[in-house]
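**Q** I'm passing along input.cif; it holds mmCIF, C-alpha atoms.
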```cif
data_model
#
loop_
_atom_site.group_PDB
_atom_site.id
_atom_site.type_symbol
_atom_site.label_atom_id
_atom_site.label_comp_id
_atom_site.auth_asym_id
_atom_site.auth_seq_id
_atom_site.Cartn_x
_atom_site.Cartn_y
_atom_site.Cartn_z
ATOM 1 C CA MET A 1 41.621 -13.239 22.616
ATOM 2 C CA ASN A 2 43.452 -14.372 19.492
ATOM 3 C CA LEU A 3 42.860 -12.895 16.042
ATOM 4 C CA ALA A 4 41.106 -15.981 14.616
ATOM 5 C CA ARG A 5 38.591 -16.097 17.474
ATOM 6 C CA ARG A 6 37.976 -12.329 17.281
ATOM 7 C CA THR A 7 37.370 -12.605 13.505
ATOM 8 C CA LEU A 8 34.957 -15.504 14.023
ATOM 9 C CA LEU A 9 32.982 -13.599 16.681
ATOM 10 C CA LEU A 10 32.858 -10.439 14.575
ATOM 11 C CA THR A 11 31.703 -12.356 11.491
ATOM 12 C CA GLY A 12 29.035 -14.212 13.475
ATOM 13 C CA SER A 13 27.771 -11.002 15.072
ATOM 14 C CA THR A 14 27.585 -9.275 11.691
ATOM 15 C CA ILE A 15 25.628 -12.145 10.118
ATOM 16 C CA LEU A 16 23.206 -12.208 13.050
ATOM 17 C CA ALA A 17 22.660 -8.442 12.914
ATOM 18 C CA MET A 18 22.153 -8.447 9.139
ATOM 19 C CA SER A 19 19.592 -11.259 9.333
ATOM 20 C CA ALA A 20 17.397 -9.005 11.508
ATOM 21 C CA VAL A 21 17.400 -6.111 9.007
ATOM 22 C CA PRO A 22 14.612 -7.528 6.771
ATOM 23 C CA LEU A 23 12.417 -8.069 9.843
ATOM 24 C CA LEU A 24 12.900 -4.473 10.950
ATOM 25 C CA ALA A 25 12.203 -3.150 7.457
ATOM 26 C CA GLU A 26 9.078 -5.291 7.080
ATOM 27 C CA GLY A 27 7.519 -3.830 10.232
ATOM 28 C CA ASP A 28 8.355 -0.256 9.265
ATOM 29 C CA GLU A 29 6.411 0.143 6.013
ATOM 30 C CA ARG A 30 5.299 3.764 6.199
ATOM 31 C CA ILE A 31 2.220 4.745 4.246
ATOM 32 C CA HIS A 32 0.468 8.131 4.336
ATOM 33 C CA VAL A 33 -3.266 8.307 3.593
ATOM 34 C CA VAL A 34 -5.147 11.417 2.457
ATOM 35 C CA LYS A 35 -8.894 11.050 2.936
ATOM 36 C CA ASP A 36 -12.257 12.784 3.149
ATOM 37 C CA PRO A 37 -13.166 13.455 6.807
ATOM 38 C CA GLY A 38 -16.678 12.050 6.351
ATOM 39 C CA CYS A 39 -15.732 8.637 4.948
ATOM 40 C CA PRO A 40 -15.850 5.725 7.440
ATOM 41 C CA CYS A 41 -14.636 3.140 4.918
ATOM 42 C CA CYS A 42 -11.303 4.994 4.697
ATOM 43 C CA ASN A 43 -10.825 4.403 8.426
ATOM 44 C CA ALA A 44 -11.629 0.715 7.946
ATOM 45 C CA TRP A 45 -8.979 0.491 5.178
ATOM 46 C CA ILE A 46 -6.447 2.191 7.468
ATOM 47 C CA GLY A 47 -7.295 -0.493 10.044
ATOM 48 C CA HIS A 48 -6.672 -3.198 7.411
ATOM 49 C CA LEU A 49 -3.232 -1.736 6.689
ATOM 50 C CA ARG A 50 -2.328 -1.525 10.384
ATOM 51 C CA GLU A 51 -3.489 -5.117 10.945
ATOM 52 C CA ASN A 52 -1.102 -6.095 8.156
ATOM 53 C CA GLY A 53 1.925 -4.385 9.682
ATOM 54 C CA PHE A 54 1.945 -1.006 7.953
ATOM 55 C CA ASN A 55 2.880 2.152 9.851
ATOM 56 C CA VAL A 56 -0.007 4.446 8.803
ATOM 57 C CA SER A 57 -0.328 8.206 9.098
ATOM 58 C CA PHE A 58 -3.244 10.141 7.650
ATOM 59 C CA GLU A 59 -4.658 13.570 7.036
ATOM 60 C CA GLU A 60 -8.110 14.776 6.102
ATOM 61 C CA ARG A 61 -8.833 17.147 3.230
ATOM 62 C CA SER A 62 -11.921 18.560 1.583
ATOM 63 C CA VAL A 63 -13.354 16.720 -1.416
ATOM 64 C CA GLU A 64 -12.006 19.448 -3.730
ATOM 65 C CA ASP A 65 -8.496 19.348 -2.251
ATOM 66 C CA LEU A 66 -8.496 15.550 -2.389
ATOM 67 C CA ALA A 67 -9.434 15.593 -6.095
ATOM 68 C CA THR A 68 -6.555 17.993 -6.787
ATOM 69 C CA TYR A 69 -4.175 15.784 -4.788
ATOM 70 C CA LYS A 70 -5.198 12.718 -6.824
ATOM 71 C CA ARG A 71 -4.471 14.544 -10.092
ATOM 72 C CA GLU A 72 -1.119 15.774 -8.770
ATOM 73 C CA ARG A 73 -0.210 12.179 -7.831
ATOM 74 C CA GLY A 74 -1.049 10.931 -11.360
ATOM 75 C CA ILE A 75 -4.375 9.201 -10.708
ATOM 76 C CA PRO A 76 -6.782 9.612 -13.660
ATOM 77 C CA GLU A 77 -10.382 10.410 -12.743
ATOM 78 C CA ASN A 78 -11.650 7.092 -14.148
ATOM 79 C CA LEU A 79 -9.380 5.207 -11.701
ATOM 80 C CA SER A 80 -10.191 7.257 -8.608
ATOM 81 C CA SER A 81 -11.767 6.160 -5.351
ATOM 82 C CA CYS A 82 -12.391 7.668 -1.917
ATOM 83 C CA HIS A 83 -8.835 7.981 -0.551
ATOM 84 C CA THR A 84 -5.276 8.272 -1.831
ATOM 85 C CA ALA A 85 -2.122 7.053 -0.141
ATOM 86 C CA THR A 86 1.600 7.245 -0.773
ATOM 87 C CA ILE A 87 4.254 4.693 0.043
ATOM 88 C CA GLY A 88 7.765 5.332 -1.191
ATOM 89 C CA ASP A 89 7.409 6.834 -4.667
ATOM 90 C CA TYR A 90 4.087 5.079 -5.327
ATOM 91 C CA THR A 91 0.475 6.239 -5.099
ATOM 92 C CA ILE A 92 -2.173 3.841 -3.810
ATOM 93 C CA GLU A 93 -5.746 4.732 -4.764
ATOM 94 C CA GLY A 94 -8.749 3.230 -3.038
ATOM 95 C CA HIS A 95 -9.247 -0.074 -1.266
ATOM 96 C CA VAL A 96 -6.087 -1.860 -2.407
ATOM 97 C CA PRO A 97 -5.326 -4.997 -0.349
ATOM 98 C CA ALA A 98 -2.161 -4.910 1.768
ATOM 99 C CA ALA A 99 -0.797 -7.973 -0.068
ATOM 100 C CA ASP A 100 -0.884 -6.086 -3.380
ATOM 101 C CA ILE A 101 0.928 -3.104 -1.856
ATOM 102 C CA ARG A 102 3.628 -5.461 -0.581
ATOM 103 C CA ARG A 103 3.904 -7.074 -4.022
ATOM 104 C CA LEU A 104 4.216 -3.629 -5.640
ATOM 105 C CA MET A 105 7.009 -2.703 -3.245
ATOM 106 C CA ALA A 106 8.813 -6.007 -3.872
ATOM 107 C CA GLU A 107 8.563 -5.851 -7.681
ATOM 108 C CA ARG A 108 9.145 -2.067 -7.968
ATOM 109 C CA PRO A 109 7.655 -1.583 -11.482
ATOM 110 C CA LEU A 110 7.985 1.727 -13.299
ATOM 111 C CA ALA A 111 4.487 3.069 -12.537
ATOM 112 C CA VAL A 112 2.450 5.673 -10.678
ATOM 113 C CA GLY A 113 1.063 2.981 -8.381
ATOM 114 C CA LEU A 114 -2.040 0.862 -7.789
ATOM 115 C CA SER A 115 -5.767 1.564 -7.833
ATOM 116 C CA VAL A 116 -9.017 -0.160 -6.997
ATOM 117 C CA PRO A 117 -11.404 2.123 -8.901
ATOM 118 C CA GLY A 118 -14.694 2.869 -7.197
ATOM 119 C CA MET A 119 -15.544 1.185 -3.936
ATOM 120 C CA PRO A 120 -16.189 -2.526 -4.616
ATOM 121 C CA PHE A 121 -18.032 -4.357 -1.861
ATOM 122 C CA GLY A 122 -15.826 -6.843 -0.043
ATOM 123 C CA SER A 123 -12.544 -5.099 -0.813
ATOM 124 C CA PRO A 124 -10.556 -4.178 2.341
ATOM 125 C CA GLY A 125 -12.603 -1.682 4.339
ATOM 126 C CA MET A 126 -15.743 -2.230 2.265
ATOM 127 C CA GLY A 127 -17.597 -5.027 3.987
ATOM 128 C CA PRO A 128 -17.000 -8.709 4.561
ATOM 129 C CA GLU A 129 -14.689 -10.494 2.157
ATOM 130 C CA THR A 130 -17.030 -13.495 2.320
ATOM 131 C CA GLU A 131 -19.567 -11.424 0.345
ATOM 132 C CA ARG A 132 -17.013 -9.843 -1.992
ATOM 133 C CA GLN A 133 -17.979 -8.752 -5.485
ATOM 134 C CA ALA A 134 -15.370 -9.347 -8.186
ATOM 135 C CA TYR A 135 -12.871 -6.519 -8.625
ATOM 136 C CA ASP A 136 -9.465 -5.754 -10.075
ATOM 137 C CA VAL A 137 -6.451 -4.005 -8.636
ATOM 138 C CA VAL A 138 -4.864 -2.122 -11.528
ATOM 139 C CA LEU A 139 -1.323 -0.907 -12.058
ATOM 140 C CA VAL A 140 -1.451 2.750 -13.096
ATOM 141 C CA SER A 141 1.163 3.633 -15.705
ATOM 142 C CA GLN A 142 2.836 7.007 -15.938
ATOM 143 C CA ASP A 143 0.851 7.802 -19.102
ATOM 144 C CA GLY A 144 -2.442 7.252 -17.220
ATOM 145 C CA SER A 145 -3.205 3.868 -18.747
ATOM 146 C CA SER A 146 -3.715 0.820 -16.575
ATOM 147 C CA THR A 147 -3.292 -2.953 -16.617
ATOM 148 C CA VAL A 148 -4.693 -5.567 -14.275
ATOM 149 C CA PHE A 149 -2.272 -6.255 -11.421
ATOM 150 C CA THR A 150 -4.489 -8.690 -9.467
ATOM 151 C CA SER A 151 -8.041 -9.963 -10.021
ATOM 152 C CA TYR A 152 -10.249 -10.907 -7.097
ATOM 153 C CA PRO A 153 -13.204 -13.143 -8.002
ATOM 154 C CA ALA A 154 -16.592 -12.833 -6.349
ATOM 155 C CA ALA A 155 -16.857 -14.789 -3.112
#
```
Let me see the structure of the file written as structure tokens.
**A**
Amino acid sequence: MNLARRTLLLTGSTILAMSAVPLLAEGDERIHVVKDPGCPCCNAWIGHLRENGFNVSFEERSVEDLATYKRERGIPENLSSCHTATIGDYTIEGHVPAADIRRLMAERPLAVGLSVPGMPFGSPGMGPETERQAYDVVLVSQDGSSTVFTSYPAA
């Protein structure tokens, strides 16, 4: 095989292999959830993440240990919910939609992470979206303040 043909084949193979890298990375989004063992909506949210291509692991902790974990991860009490997750360097608090987690990971803002405070009906894992109450996903800053990241209107 001559040098020109070998170079062409090598270049083509490299381009083909590199084009598959984003697909592999997209399907391997690892997120770890820490939750209360008695909370069924946390399991429903985990299902939402898995349905949207996330690789989810989880552990169960007591309510007291979970509250401590939230504080250690930078989630203020007024922004807390029933479960806390980590993905990369970010903390995800509550029923945050998978699309917002993907947007966070794409934009990579300087922040603690995202939160859906409380447990709004119709958010992922909290009942049918067709009956959703309005809620906001907030970006939690490192100083504990927050700004609206995404608003979801009532259905």
**Q** Would you work out the distance separating atom CA of Ile101 of chain A from atom CA of Cys82 of chain A, expressed in Å to one decimal?
**A**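 Distance between the two atoms: 17.1 Å.
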**Q** Please provide the set of residues having any atom within 9 Å of segment 119-126 of chain A, restricted to all atoms listed in the file, with same-chain residues fewer than 3 positions apart removed, written as a list in words.
**A**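 Those residues are Pro40, Cys41, Cys42, Asn43, Ala44, Trp45, Ile46, Gly47, His48, Leu49, Ser81, Cys82, Gly94, His95, Val96, Pro97, Ala98, Val116, Glu129, Thr130, Glu131, Arg132, Gln133, Ala134, Tyr135, Tyr152, Ala154 and Ala155 of chain A.
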**Q** Could you work out how far atom CA of Ser145 of chain A lies from atom CA of Ser57 of chain A, giving the answer in Å with one decimal?
**A**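 These two atoms are separated by 28.3 Å.
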**Q** Could you work out an axis-aligned box for segment 111-127 of chain A, taking every atom the file lists and adding 3 Å on each side, and report centre and edge lengths in Å to one decimal, as JSON?
**A**
```
{"center_x": -6.8, "center_y": -0.6, "center_z": -4.1, "size_x": 28.5, "size_y": 18.5, "size_z": 22.9}
```
**Q** For Arg30 of chain A, which of A:Thr86, A:Ser115, A:Thr68, A:Ser141 is the closest residue, counting all atoms listed in the file?
**A**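 Among the listed residues, A:Thr86 lies closest to Arg30 of chain A.
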**Q** Name the residues that the PyMOL selection byres ((chain A and resi 35) around 10) pulls out of this structure, and write them as a list in words.
**A**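 Applying the expression gives His32, Val33, Val34, Asp36, Pro37, Gly38, Cys39, Pro40, Cys41, Cys42, Asn43, Phe58, Glu59, Glu60, Arg61, Ser62, Val63, Asp65, Leu66, Cys82, His83, Thr84, Ala85 and Gly94 of chain A.
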**Q** One decimal, Å: what's the distance from atom CA of Glu93 of chain A over to atom CA of Gly144 of chain A, could you say?
**A**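 Interatomic distance, atom CA of Glu93 of chain A to atom CA of Gly144 of chain A: 13.1 Å.
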**Q** I want to know what sits within 7 Å of Val112 of chain A, based on only C-alpha atoms, with residues of the same chain fewer than 3 positions away left out; could you give that as JSON, numbers by chain?
**A** {"A": [74, 90, 91, 140, 141, 142]}
**Q** With distances taken over all atoms listed in the file, which of A:Asn78, A:Gly53, A:Leu139, A:Ile31 is nearest to Glu107 of chain A?
**A** A:Leu139
